[in-house]
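Coordinates from target.txt are shown below (compact mmCIF, C-alpha atoms).
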# COMPACT_ATOMS: atom_id res chain seq x y z
CA MET A 113 22.95 -38.81 -16.11
CA ASN A 114 23.50 -37.94 -19.78
CA LEU A 115 22.14 -41.34 -20.82
CA LEU A 116 19.17 -41.04 -18.49
CA TYR A 117 18.29 -37.60 -19.86
CA ASN A 118 18.39 -38.79 -23.46
CA ILE A 119 16.27 -41.83 -22.66
CA THR A 120 13.74 -39.55 -20.94
CA ILE A 121 13.54 -37.31 -24.00
CA GLN A 122 12.99 -40.31 -26.28
CA LEU A 123 10.22 -41.57 -24.00
CA ALA A 124 8.68 -38.11 -23.93
CA SER A 125 8.54 -38.16 -27.72
CA VAL A 126 6.55 -41.40 -27.69
CA VAL A 127 4.24 -40.26 -24.90
CA LEU A 128 3.50 -36.91 -26.59
CA LYS A 129 2.58 -38.65 -29.82
CA LEU A 130 0.19 -40.95 -27.99
CA LEU A 131 -1.39 -38.19 -25.94
CA SER A 132 -1.74 -36.01 -29.03
CA LEU A 133 -4.35 -38.45 -30.30
CA PHE A 134 -6.65 -37.17 -27.57
CA ASN A 135 -5.48 -33.57 -27.09
CA ASN A 136 -5.69 -30.95 -29.83
CA LYS A 137 -3.10 -28.66 -28.26
CA LEU A 138 -0.53 -31.46 -28.00
CA LYS A 139 -1.36 -32.48 -31.57
CA LEU A 140 -0.50 -29.01 -32.81
CA GLY A 141 2.92 -29.31 -31.19
CA VAL A 142 3.63 -32.82 -32.43
CA ASP A 143 2.52 -32.03 -35.98
CA GLY A 144 4.34 -28.69 -35.96
CA ARG A 145 7.64 -30.19 -34.82
CA ALA A 146 7.39 -32.78 -37.61
CA LEU A 147 7.48 -29.94 -40.16
CA THR A 148 10.35 -27.92 -38.68
CA PHE A 149 13.31 -29.41 -40.55
CA ASN A 150 11.57 -29.18 -43.93
CA LYS A 151 10.76 -25.52 -43.26
CA LEU A 152 14.34 -24.76 -42.30
CA ASP A 153 15.72 -26.66 -45.27
CA GLN A 154 13.48 -24.79 -47.69
CA PHE A 155 14.00 -21.35 -46.19
CA LEU A 156 17.71 -21.25 -45.33
CA ASN A 157 20.52 -21.33 -47.86
CA LYS A 158 24.13 -22.25 -47.28
CA GLY A 159 26.03 -19.13 -46.38
CA ASP A 160 23.03 -17.30 -44.88
CA LYS A 161 23.84 -15.30 -41.77
CA THR A 162 21.32 -16.10 -39.06
CA LEU A 163 20.19 -15.33 -35.53
CA TRP A 164 18.17 -17.80 -33.48
CA PHE A 165 15.71 -16.73 -30.78
CA HIS A 166 13.96 -19.36 -28.68
CA CYS A 167 11.02 -19.04 -26.28
CA ALA A 168 9.04 -21.68 -24.45
CA SER A 169 5.71 -19.96 -24.94
CA LEU A 170 3.92 -16.64 -25.23
CA GLY A 171 5.06 -15.25 -21.87
CA GLU A 172 8.73 -15.76 -22.71
CA TYR A 173 8.13 -14.24 -26.14
CA GLU A 174 6.85 -11.07 -24.48
CA GLN A 175 9.96 -11.00 -22.32
CA GLY A 176 12.28 -11.46 -25.25
CA LEU A 177 10.51 -9.12 -27.67
CA PRO A 178 12.34 -5.89 -26.71
CA ILE A 179 15.70 -7.63 -27.29
CA PHE A 180 14.52 -9.36 -30.46
CA THR A 181 13.35 -6.02 -31.85
CA GLU A 182 16.65 -4.30 -31.10
CA LEU A 183 18.66 -7.14 -32.64
CA ARG A 184 16.51 -6.97 -35.77
CA LYS A 185 17.65 -3.34 -36.13
CA ASP A 186 21.30 -4.25 -35.51
CA TYR A 187 21.30 -7.19 -37.93
CA PRO A 188 19.08 -6.09 -40.87
CA ASN A 189 20.73 -8.50 -43.31
CA HIS A 190 20.56 -11.59 -41.13
CA LYS A 191 17.75 -14.12 -41.29
CA ILE A 192 16.05 -14.49 -37.93
CA VAL A 193 14.65 -17.85 -36.87
CA LEU A 194 12.21 -17.75 -33.95
CA SER A 195 11.28 -21.03 -32.29
CA PHE A 196 8.66 -22.01 -29.72
CA PHE A 197 8.12 -25.17 -27.76
CA SER A 198 4.49 -24.57 -26.84
CA PRO A 199 1.57 -24.25 -29.28
CA SER A 200 0.21 -21.36 -27.21
CA GLY A 201 3.25 -19.35 -28.25
CA TYR A 202 3.66 -20.56 -31.81
CA GLU A 203 0.02 -20.35 -32.88
CA ILE A 204 -0.35 -16.77 -31.62
CA ARG A 205 3.02 -15.42 -32.78
CA LYS A 206 3.74 -17.47 -35.92
CA ASN A 207 3.62 -14.23 -37.89
CA ALA A 208 5.97 -12.27 -35.62
CA PRO A 209 7.01 -9.25 -37.72
CA PHE A 210 10.71 -9.21 -36.77
CA ALA A 211 11.27 -12.90 -37.59
CA ASP A 212 11.89 -14.34 -41.03
CA LEU A 213 10.81 -17.84 -40.03
CA VAL A 214 8.86 -19.11 -37.01
CA VAL A 215 9.01 -22.81 -36.17
CA TYR A 216 8.39 -25.33 -33.42
CA LEU A 217 11.56 -26.50 -31.68
CA PRO A 218 12.05 -30.26 -32.17
CA LEU A 219 12.54 -32.27 -28.98
CA ASP A 220 15.99 -32.07 -27.44
CA THR A 221 17.56 -35.26 -28.80
CA LYS A 222 21.19 -35.34 -29.93
CA ASN A 223 20.21 -35.97 -33.54
CA ASN A 224 17.65 -33.17 -33.56
CA ALA A 225 20.13 -30.75 -32.02
CA LYS A 226 22.83 -31.54 -34.58
CA ARG A 227 20.42 -31.33 -37.49
CA PHE A 228 18.86 -28.08 -36.27
CA ILE A 229 22.19 -26.36 -35.66
CA ASN A 230 23.53 -27.64 -39.00
CA LEU A 231 20.64 -25.95 -40.77
CA VAL A 232 20.45 -22.73 -38.76
CA ASN A 233 24.13 -22.24 -37.82
CA PRO A 234 23.24 -19.15 -35.75
CA GLU A 235 25.75 -16.36 -35.29
CA LEU A 236 23.97 -15.57 -32.04
CA THR A 237 21.38 -17.54 -30.05
CA VAL A 238 19.10 -15.95 -27.45
CA PHE A 239 17.16 -18.15 -25.01
CA VAL A 240 14.61 -16.65 -22.63
CA LYS A 241 14.07 -17.24 -18.90
CA TYR A 242 13.72 -20.99 -18.24
CA GLU A 243 14.71 -22.56 -21.53
CA ILE A 244 17.68 -24.86 -20.91
CA TRP A 245 17.91 -27.66 -23.49
CA PRO A 246 21.19 -29.55 -22.87
CA ASN A 247 21.67 -31.18 -26.27
CA TYR A 248 21.01 -27.98 -28.18
CA LEU A 249 23.25 -25.96 -25.89
CA ASN A 250 26.05 -28.53 -25.90
CA GLU A 251 25.92 -28.56 -29.70
CA ILE A 252 26.18 -24.77 -29.76
CA LYS A 253 29.14 -24.81 -27.39
CA SER A 254 30.98 -27.58 -29.25
CA ARG A 255 30.87 -25.45 -32.41
CA GLY A 256 32.04 -22.29 -30.68
CA LEU A 257 28.79 -20.44 -31.36
CA ARG A 258 27.50 -17.59 -29.20
CA ALA A 259 24.51 -17.99 -26.90
CA ILE A 260 23.03 -15.89 -24.09
CA LEU A 261 20.18 -16.39 -21.65
CA ILE A 262 18.06 -13.36 -20.73
CA SER A 263 15.57 -12.63 -17.92
CA ALA A 264 16.72 -15.80 -16.19
CA VAL A 265 15.21 -16.86 -12.87
CA PHE A 266 16.66 -19.71 -10.83
CA ARG A 267 15.49 -21.47 -7.68
CA LYS A 268 17.58 -23.63 -5.36
CA ASP A 269 15.27 -26.62 -5.85
CA GLN A 270 16.13 -26.83 -9.57
CA SER A 271 18.30 -29.64 -10.90
CA PHE A 272 21.15 -27.25 -11.81
CA PHE A 273 21.94 -26.95 -8.12
CA LYS A 274 21.47 -30.59 -7.09
CA TRP A 275 23.96 -33.47 -7.05
CA TYR A 276 22.00 -35.26 -9.78
CA GLY A 277 21.89 -32.27 -12.14
CA SER A 278 25.23 -32.61 -13.89
CA GLN A 279 23.70 -32.70 -17.39
CA THR A 280 21.58 -29.58 -16.99
CA LYS A 281 24.33 -27.83 -15.01
CA LYS A 282 26.77 -28.44 -17.86
CA ALA A 283 24.27 -26.90 -20.28
CA LEU A 284 24.34 -23.58 -18.39
CA PHE A 285 28.03 -23.24 -19.20
CA ALA A 286 27.20 -23.18 -22.91
CA PHE A 287 25.89 -19.64 -22.40
CA GLU A 288 28.64 -17.09 -22.74
CA HIS A 289 26.59 -14.81 -20.51
CA ILE A 290 23.43 -15.09 -18.41
CA PHE A 291 21.34 -12.05 -17.50
CA THR A 292 19.34 -12.72 -14.34
CA GLN A 293 16.27 -11.02 -12.97
CA ASN A 294 17.51 -10.90 -9.38
CA LYS A 295 20.38 -11.34 -6.92
CA THR A 296 19.19 -14.74 -5.74
CA SER A 297 19.53 -16.18 -9.25
CA LYS A 298 23.02 -14.75 -9.68
CA LYS A 299 24.14 -16.18 -6.33
CA LEU A 300 22.82 -19.61 -7.26
CA LEU A 301 24.86 -19.49 -10.47
CA GLU A 302 27.93 -18.50 -8.47
CA SER A 303 27.36 -21.49 -6.18
CA ILE A 304 28.12 -23.79 -9.15
CA ASN A 305 31.04 -21.57 -10.25
CA TYR A 306 29.24 -19.91 -13.14
CA THR A 307 30.54 -16.33 -13.06
CA ASN A 308 29.55 -14.77 -16.40
CA ALA A 309 26.30 -13.40 -15.02
CA THR A 310 24.79 -9.95 -14.68
CA ILE A 311 21.74 -8.82 -12.74
CA SER A 312 19.87 -6.92 -15.44
CA GLY A 313 16.32 -7.31 -14.20
CA ASP A 314 13.31 -8.42 -16.19
CA THR A 315 12.99 -7.26 -19.80
CA ARG A 316 9.21 -7.32 -19.39
CA PHE A 317 9.43 -3.98 -17.57
CA ASP A 318 10.79 -2.42 -20.75
CA ARG A 319 8.23 -4.31 -22.80
CA VAL A 320 5.21 -3.09 -20.83
CA SER A 321 6.60 0.45 -20.63
CA ASN A 322 6.45 0.57 -24.41
CA GLN A 323 2.72 0.00 -24.13
CA LEU A 324 2.36 3.57 -22.89
CA ASN A 325 3.75 4.79 -26.22
CA THR A 326 1.15 2.97 -28.29
CA ASP A 327 -2.45 3.85 -29.11
CA ASN A 328 -4.49 1.99 -26.48
CA ASN A 329 -7.87 3.34 -27.53
CA LEU A 330 -10.64 0.78 -27.99
CA ASP A 331 -13.80 2.69 -28.82
CA PHE A 332 -16.12 -0.21 -28.07
CA ILE A 333 -14.71 -0.54 -24.54
CA LYS A 334 -15.09 3.19 -24.02
CA VAL A 335 -18.77 2.86 -24.92
CA PHE A 336 -19.14 -0.19 -22.67
CA LYS A 337 -17.43 1.47 -19.71
CA ASP A 338 -19.71 4.49 -19.97
CA ASN A 339 -17.59 6.51 -17.51
CA LYS A 340 -18.19 3.99 -14.74
CA LEU A 341 -15.70 2.19 -12.51
CA CYS A 342 -14.22 -0.75 -14.42
CA ILE A 343 -12.68 -3.99 -13.15
CA VAL A 344 -10.66 -5.94 -15.73
CA VAL A 345 -10.13 -9.65 -15.14
CA GLY A 346 -7.17 -10.72 -17.27
CA SER A 347 -6.05 -14.20 -18.35
CA SER A 348 -8.53 -15.94 -16.09
CA TRP A 349 -8.88 -19.67 -15.54
CA PRO A 350 -11.97 -21.49 -14.19
CA GLU A 351 -10.61 -21.26 -10.63
CA ASP A 352 -10.48 -17.46 -10.98
CA GLU A 353 -13.75 -17.18 -12.84
CA SER A 354 -15.79 -19.04 -10.22
CA LEU A 355 -14.80 -16.44 -7.61
CA ILE A 356 -15.17 -13.45 -9.91
CA ILE A 357 -18.60 -14.61 -11.06
CA GLU A 358 -19.72 -15.08 -7.46
CA PHE A 359 -18.58 -11.56 -6.64
CA ILE A 360 -20.32 -10.06 -9.68
CA ASN A 361 -23.58 -11.90 -8.98
CA ASN A 362 -23.69 -10.79 -5.33
CA TYR A 363 -22.27 -7.28 -5.70
CA VAL A 364 -24.44 -4.40 -4.53
CA GLY A 365 -23.06 -0.88 -4.63
CA ILE A 366 -22.03 1.85 -7.02
CA PRO A 367 -22.36 0.97 -10.73
CA ILE A 368 -19.42 -1.12 -11.96
CA LYS A 369 -18.47 -2.57 -15.31
CA PHE A 370 -16.52 -5.83 -15.60
CA ILE A 371 -14.32 -6.97 -18.47
CA ILE A 372 -13.34 -10.64 -18.43
CA ALA A 373 -10.56 -11.88 -20.73
CA PRO A 374 -10.28 -15.68 -20.26
CA HIS A 375 -6.94 -17.32 -20.92
CA ASN A 376 -8.66 -20.04 -22.92
CA ILE A 377 -11.28 -18.83 -25.35
CA LYS A 378 -12.79 -22.22 -25.97
CA SER A 379 -16.53 -22.03 -26.57
CA LYS A 380 -17.34 -24.31 -23.63
CA GLN A 381 -15.46 -22.11 -21.14
CA ILE A 382 -16.97 -18.92 -22.56
CA GLU A 383 -20.44 -20.46 -22.41
CA ASN A 384 -19.86 -21.51 -18.81
CA ILE A 385 -18.93 -17.96 -17.81
CA GLN A 386 -21.93 -16.42 -19.51
CA THR A 387 -24.37 -19.05 -18.24
CA ASN A 388 -23.33 -18.55 -14.60
CA LEU A 389 -23.52 -14.76 -14.71
CA LYS A 390 -26.76 -13.30 -13.39
CA LYS A 391 -26.05 -9.82 -14.73
CA PRO A 392 -26.28 -8.72 -18.40
CA SER A 393 -23.21 -9.82 -20.36
CA ILE A 394 -22.02 -9.51 -23.95
CA LEU A 395 -19.28 -11.25 -25.93
CA PHE A 396 -16.78 -9.42 -28.08
CA THR A 397 -17.89 -11.54 -31.03
CA GLN A 398 -21.51 -10.45 -30.51
CA LYS A 399 -20.94 -6.74 -30.00
CA GLU A 400 -21.96 -5.45 -33.43
CA LYS A 401 -25.13 -3.32 -33.51
CA LYS A 402 -25.53 -3.66 -29.74
CA ASP A 403 -25.70 -0.83 -27.21
CA LEU A 404 -22.72 -1.95 -25.12
CA SER A 405 -23.43 0.59 -22.40
CA GLN A 406 -26.45 -1.49 -21.37
CA TYR A 407 -24.34 -4.48 -20.30
CA ASP A 408 -22.53 -5.02 -16.99
CA VAL A 409 -20.02 -7.63 -18.18
CA PHE A 410 -17.99 -7.65 -21.39
CA ILE A 411 -16.33 -10.99 -22.20
CA LEU A 412 -13.34 -10.82 -24.57
CA ASP A 413 -13.70 -14.10 -26.44
CA THR A 414 -10.76 -13.15 -28.64
CA ILE A 415 -7.01 -12.61 -28.27
CA GLY A 416 -4.74 -9.60 -28.57
CA LEU A 417 -6.84 -6.97 -26.78
CA LEU A 418 -6.01 -7.46 -23.11
CA SER A 419 -2.99 -5.12 -22.99
CA LYS A 420 -5.11 -2.27 -24.33
CA ALA A 421 -8.12 -3.23 -22.20
CA TYR A 422 -6.04 -2.76 -19.05
CA SER A 423 -5.77 0.95 -19.91
CA TYR A 424 -9.50 1.21 -19.10
CA ALA A 425 -9.17 -0.58 -15.76
CA ASP A 426 -9.63 1.06 -12.38
CA ILE A 427 -8.88 -2.29 -10.71
CA ALA A 428 -7.35 -5.42 -12.23
CA TYR A 429 -7.54 -9.06 -11.26
CA VAL A 430 -4.85 -11.18 -12.97
CA GLY A 431 -5.52 -14.90 -13.24
CA GLY A 432 -3.50 -18.07 -12.99
CA ALA A 433 -2.53 -18.02 -9.33
CA MET A 434 -5.80 -19.16 -7.83
CA GLY A 435 -5.07 -22.59 -9.28
CA ASN A 436 -1.75 -24.13 -10.30
CA THR A 437 -1.48 -23.01 -13.92
CA GLY A 438 0.89 -20.15 -13.13
CA LEU A 439 0.35 -16.44 -12.55
CA HIS A 440 -0.04 -14.41 -15.72
CA ASN A 441 1.58 -11.06 -16.46
CA ILE A 442 0.86 -8.59 -13.66
CA LEU A 443 3.16 -5.98 -15.19
CA GLU A 444 0.72 -5.29 -18.04
CA PRO A 445 -1.93 -3.64 -15.83
CA ALA A 446 0.68 -2.23 -13.45
CA VAL A 447 2.14 0.09 -16.09
CA PHE A 448 -1.22 1.89 -16.26
CA GLY A 449 -1.16 2.60 -12.52
CA VAL A 450 -3.82 0.06 -11.66
CA PRO A 451 -4.17 -1.72 -8.28
CA ILE A 452 -3.95 -5.49 -8.80
CA ILE A 453 -5.40 -8.56 -7.10
CA ILE A 454 -4.03 -12.08 -7.66
CA GLY A 455 -4.57 -15.59 -6.29
CA LYS A 456 -2.55 -17.38 -3.65
CA ASN A 457 -0.09 -19.48 -5.71
CA TYR A 458 2.49 -16.94 -6.84
CA GLN A 459 5.61 -18.50 -5.27
CA LYS A 460 7.48 -18.91 -8.56
CA PHE A 461 7.00 -15.30 -9.63
CA PRO A 462 9.51 -12.91 -8.05
CA GLU A 463 7.77 -9.81 -9.42
CA ALA A 464 4.65 -10.80 -7.43
CA PHE A 465 6.64 -10.96 -4.17
CA ASP A 466 8.18 -7.56 -4.88
CA MET A 467 4.91 -5.90 -5.86
CA ILE A 468 3.05 -7.30 -2.86
CA LYS A 469 5.83 -5.96 -0.64
CA ASN A 470 5.52 -2.65 -2.49
CA LYS A 471 1.78 -2.66 -1.59
CA GLY A 472 0.51 -2.40 -5.16
CA VAL A 473 -0.64 -6.03 -5.38
CA LYS A 474 -2.91 -7.99 -3.05
CA SER A 475 -3.08 -11.79 -2.87
CA VAL A 476 -6.34 -13.54 -1.97
CA SER A 477 -7.22 -17.17 -1.28
CA ASN A 478 -11.01 -17.31 -1.37
CA ILE A 479 -14.19 -15.41 -2.14
CA THR A 480 -14.29 -13.74 1.28
CA GLU A 481 -10.81 -12.26 0.86
CA LEU A 482 -11.51 -11.31 -2.76
CA SER A 483 -14.72 -9.51 -1.80
CA THR A 484 -12.97 -7.68 1.02
CA GLU A 485 -10.14 -6.43 -1.20
CA LEU A 486 -12.40 -5.47 -4.10
CA ASN A 487 -14.92 -3.64 -1.90
CA SER A 488 -12.10 -1.78 -0.17
CA LEU A 489 -10.70 -0.55 -3.50
CA ILE A 490 -14.15 0.20 -4.93
CA ASN A 491 -15.25 2.31 -1.97
CA ASP A 492 -11.99 4.17 -1.31
CA PRO A 493 -10.90 6.17 -4.40
CA GLU A 494 -7.88 7.61 -2.59
CA SER A 495 -6.57 4.16 -1.61
CA ARG A 496 -7.24 2.92 -5.13
CA LEU A 497 -5.19 5.75 -6.61
CA THR A 498 -2.34 5.32 -4.13
CA THR A 499 -2.17 1.56 -4.65
CA GLY A 500 -2.18 1.95 -8.43
CA ASN A 501 0.55 4.59 -8.33
CA GLN A 502 2.73 2.17 -6.36
CA ASN A 503 2.57 -0.18 -9.34
CA ALA A 504 3.31 2.50 -11.93
CA ASP A 505 6.32 3.68 -9.91
CA PHE A 506 7.54 0.09 -9.52
CA ILE A 507 7.56 -0.36 -13.29
CA LYS A 508 9.55 2.84 -13.82
CA LYS A 509 12.13 1.90 -11.20
CA ASN A 510 12.76 -1.47 -12.80
CA GLU A 511 13.20 -0.44 -16.43
CA GLY A 512 16.60 -0.72 -18.10
CA ALA A 513 17.25 -4.45 -18.67
CA VAL A 514 17.19 -4.01 -22.43
CA ILE A 515 19.82 -1.27 -22.30
CA GLN A 516 22.16 -3.46 -20.23
CA ILE A 517 21.78 -6.51 -22.45
CA MET A 518 22.18 -4.57 -25.69
CA GLN A 519 25.26 -2.78 -24.35
CA TYR A 520 26.83 -6.18 -23.75
CA LEU A 521 25.91 -7.48 -27.20
CA ARG A 522 27.14 -4.34 -28.94
CA LYS A 523 30.60 -4.41 -27.35
Give the structure from the file, written as structure tokens.
Amino acid sequence: MNLLYNITIQLASVVLKLLSLFNNKLKLGVDGRALTFNKLDQFLNKGDKTLWFHCASLGEYEQGLPIFTELRKDYPNHKIVLSFFSPSGYEIRKNAPFADLVVYLPLDTKNNAKRFINLVNPELTVFVKYEIWPNYLNEIKSRGLRAILISAVFRKDQSFFKWYGSQTKKALFAFEHIFTQNKTSKKLLESINYTNATISGDTRFDRVSNQLNTDNNLDFIKVFKDNKLCIVVGSSWPEDESLIIEFINNYVGIPIKFIIAPHNIKSKQIENIQTNLKKPSILFTQKEKKDLSQYDVFILDTIGLLSKAYSYADIAYVGGAMGNTGLHNILEPAVFGVPIIIGKNYQKFPEAFDMIKNKGVKSVSNITELSTELNSLINDPESRLTTGNQNADFIKKNEGAVIQIMQYLRK
């Protein structure tokens, strides 16, 4: 199995290079990984004390951020290396303020793992959620270095728990401790005799709670909203947008403002949204010298504003689950006490199950169901308030993962 895994990684390297010739996002990753060792070599000196934090992409970064920030305080004289696998994480957070160097993680070959660990030699490594790279982790373990996994979620259909998963299963034992989001994940670890696990919950609850302590004012959205009911559509994909646009175009009722924040802000997708809307819309990049209150739809063709925009929402629709791209962060609007609607494909997201059960989140499969749920929330202020409060309470009840993890690390 070890040989098969390494062959697969080598093949993946070749395939990614070929595909990168036709895909700009893949090209960013391939080109970025080619620069990693030079960056490390130039930045790190022999004898430097270091910490290494690794995230797959932006979502995992948001989960890890509360821990990364605390460790920055605890280790002010260490150099912190932050790595990403995905361009969508690296390109947005390559200037992360707590990190001294942000790089792409080279593919998980034995040579790359040895070279990377030789250069970084981390006193502590923190991986987030799903990131299990066997060669890197085996290299860490063979050198007696510390590593933990936080906000971990496991499913029984993963290779760790199958007869053919010996290589990935072995990698789990390189972590001196794993902090899981739920009981199911901890029990799955116990089924393979991994016992150094703690149910700490999801660090994202602590992360989004901090949003309440920041200044969320966006004057231009306040002008746009104009004291009317506001529906915020966050991290939408085309599958979400087709339904939302249909609802907007056919909606008749009390005045409503819509804010759409697409996941991809490519010009073609933005143009498609605006072209298909029958009601007045304005882009963020076109807002200057415009009376925003005269528009029904505000399209955020930029990044970094969604978390604050949710503070203006009376209802939120969070994208990703209408198709198969993966549900985006439903905790961000929840912390503001907002009722939430999502698509149908949320099976891999335990927080969605819990929040649906808690009656703060509704799942819909088509335009009919979406219209029913939205109209119900629009026309019943009391239900809207109650549903939103369920989400705010859920966030409060699930805070505390950061405290547990930091208590362990500070022992």
- Query: So, counting all atoms listed in the file, which residue among A:Leu183, A:Leu133, A:Val214, A:Ile385 is closest to Ser195 of chain A?
  - Reply: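 Looking only at the distances to Ser195 of chain A, the closest residue turns out to be A:Val214.
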- Message: Just want the 8 Å neighbourhood of segment 462-471 of chain A, counted on all atoms listed in the file, with same-chain residues fewer than 2 positions away dropped. Output as a count of residues only.
- Response: 11
- For Ile411 of chain A, list every protein, DNA or RNA residue within 7 Å, evaluated using all atoms listed in the file, and leave out those in the same chain fewer than 3 positions away; present the list as a PyMOL selection string. chain A and resi 371-373+394-396
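Nearest to Pro367 of chain A of all the residues A:Thr120, A:Asn339, A:Asn325, A:Thr148 is A:Asn339, counting only C-alpha atoms.
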- Å distance separating atom CA of Lys508 of chain A from atom CA of Thr307 of chain A, one decimal place: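 Taking atom CA of Lys508 of chain A and atom CA of Thr307 of chain A, their separation equals 28.4 Å.
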- Task: Report the distance between atom CA of Met434 of chain A and atom CA of Gln381 of chain A in Å, rounded to one decimal place.
- Result: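 A separation of 16.7 Å between them.
Note that atom CA of Leu194 of chain A and atom CA of Leu138 of chain A are 19.6 Å apart.
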Please rebuild segment 348-354 of chain A with all heavy atoms and give the result as a PDB file, in the frame of the given file.
ATOM      1  N   SER A 348      -7.893 -15.151 -17.152  1.00  0.00           N
ATOM      2  CA  SER A 348      -8.530 -15.940 -16.090  1.00  0.00           C
ATOM      3  C   SER A 348      -8.662 -17.407 -16.468  1.00  0.00           C
ATOM      4  O   SER A 348      -8.790 -17.773 -17.631  1.00  0.00           O
ATOM      5  CB  SER A 348      -9.919 -15.372 -15.778  1.00  0.00           C
ATOM      6  OG  SER A 348     -10.742 -15.426 -16.931  1.00  0.00           O
ATOM      7  N   TRP A 349      -8.627 -18.245 -15.441  1.00  0.00           N
ATOM      8  CA  TRP A 349      -8.880 -19.670 -15.540  1.00  0.00           C
ATOM      9  C   TRP A 349     -10.154 -19.978 -14.758  1.00  0.00           C
ATOM     10  O   TRP A 349     -10.618 -19.128 -13.980  1.00  0.00           O
ATOM     11  CB  TRP A 349      -7.686 -20.456 -14.993  1.00  0.00           C
ATOM     12  CG  TRP A 349      -6.476 -20.379 -15.865  1.00  0.00           C
ATOM     13  CD1 TRP A 349      -5.570 -19.354 -15.905  1.00  0.00           C
ATOM     14  CD2 TRP A 349      -6.027 -21.333 -16.832  1.00  0.00           C
ATOM     15  NE1 TRP A 349      -4.586 -19.614 -16.832  1.00  0.00           N
ATOM     16  CE2 TRP A 349      -4.847 -20.829 -17.423  1.00  0.00           C
ATOM     17  CE3 TRP A 349      -6.510 -22.571 -17.257  1.00  0.00           C
ATOM     18  CZ2 TRP A 349      -4.141 -21.513 -18.408  1.00  0.00           C
ATOM     19  CZ3 TRP A 349      -5.811 -23.262 -18.240  1.00  0.00           C
ATOM     20  CH2 TRP A 349      -4.646 -22.734 -18.809  1.00  0.00           C
ATOM     21  N   PRO A 350     -10.720 -21.171 -14.908  1.00  0.00           N
ATOM     22  CA  PRO A 350     -11.970 -21.490 -14.190  1.00  0.00           C
ATOM     23  C   PRO A 350     -11.903 -21.233 -12.688  1.00  0.00           C
ATOM     24  O   PRO A 350     -12.900 -20.797 -12.084  1.00  0.00           O
ATOM     25  CB  PRO A 350     -12.163 -22.983 -14.494  1.00  0.00           C
ATOM     26  CG  PRO A 350     -11.560 -23.150 -15.859  1.00  0.00           C
ATOM     27  CD  PRO A 350     -10.359 -22.242 -15.860  1.00  0.00           C
ATOM     28  N   GLU A 351     -10.736 -21.494 -12.076  1.00  0.00           N
ATOM     29  CA  GLU A 351     -10.610 -21.260 -10.630  1.00  0.00           C
ATOM     30  C   GLU A 351     -10.797 -19.779 -10.295  1.00  0.00           C
ATOM     31  O   GLU A 351     -11.339 -19.428  -9.243  1.00  0.00           O
ATOM     32  CB  GLU A 351      -9.237 -21.716 -10.126  1.00  0.00           C
ATOM     33  CG  GLU A 351      -8.957 -23.193 -10.327  1.00  0.00           C
ATOM     34  CD  GLU A 351      -8.256 -23.499 -11.633  1.00  0.00           C
ATOM     35  OE1 GLU A 351      -8.296 -22.640 -12.556  1.00  0.00           O
ATOM     36  OE2 GLU A 351      -7.680 -24.591 -11.755  1.00  0.00           O
ATOM     37  N   ASP A 352     -10.301 -18.904 -11.179  1.00  0.00           N
ATOM     38  CA  ASP A 352     -10.480 -17.460 -10.980  1.00  0.00           C
ATOM     39  C   ASP A 352     -11.915 -17.060 -11.267  1.00  0.00           C
ATOM     40  O   ASP A 352     -12.528 -16.297 -10.519  1.00  0.00           O
ATOM     41  CB  ASP A 352      -9.552 -16.682 -11.920  1.00  0.00           C
ATOM     42  CG  ASP A 352      -8.093 -17.096 -11.822  1.00  0.00           C
ATOM     43  OD1 ASP A 352      -7.509 -16.900 -10.756  1.00  0.00           O
ATOM     44  OD2 ASP A 352      -7.553 -17.620 -12.821  1.00  0.00           O
ATOM     45  N   GLU A 353     -12.425 -17.589 -12.357  1.00  0.00           N
ATOM     46  CA  GLU A 353     -13.750 -17.180 -12.840  1.00  0.00           C
ATOM     47  C   GLU A 353     -14.866 -17.528 -11.866  1.00  0.00           C
ATOM     48  O   GLU A 353     -15.827 -16.771 -11.711  1.00  0.00           O
ATOM     49  CB  GLU A 353     -14.009 -17.806 -14.212  1.00  0.00           C
ATOM     50  CG  GLU A 353     -13.134 -17.194 -15.293  1.00  0.00           C
ATOM     51  CD  GLU A 353     -12.792 -18.133 -16.439  1.00  0.00           C
ATOM     52  OE1 GLU A 353     -13.368 -19.241 -16.493  1.00  0.00           O
ATOM     53  OE2 GLU A 353     -11.942 -17.763 -17.264  1.00  0.00           O
ATOM     54  N   SER A 354     -14.739 -18.663 -11.177  1.00  0.00           N
ATOM     55  CA  SER A 354     -15.790 -19.040 -10.220  1.00  0.00           C
ATOM     56  C   SER A 354     -15.908 -17.999  -9.115  1.00  0.00           C
ATOM     57  O   SER A 354     -17.022 -17.655  -8.681  1.00  0.00           O
ATOM     58  CB  SER A 354     -15.500 -20.419  -9.626  1.00  0.00           C
ATOM     59  OG  SER A 354     -14.291 -20.409  -8.879  1.00  0.00           O
TER      60      SER A 354
END
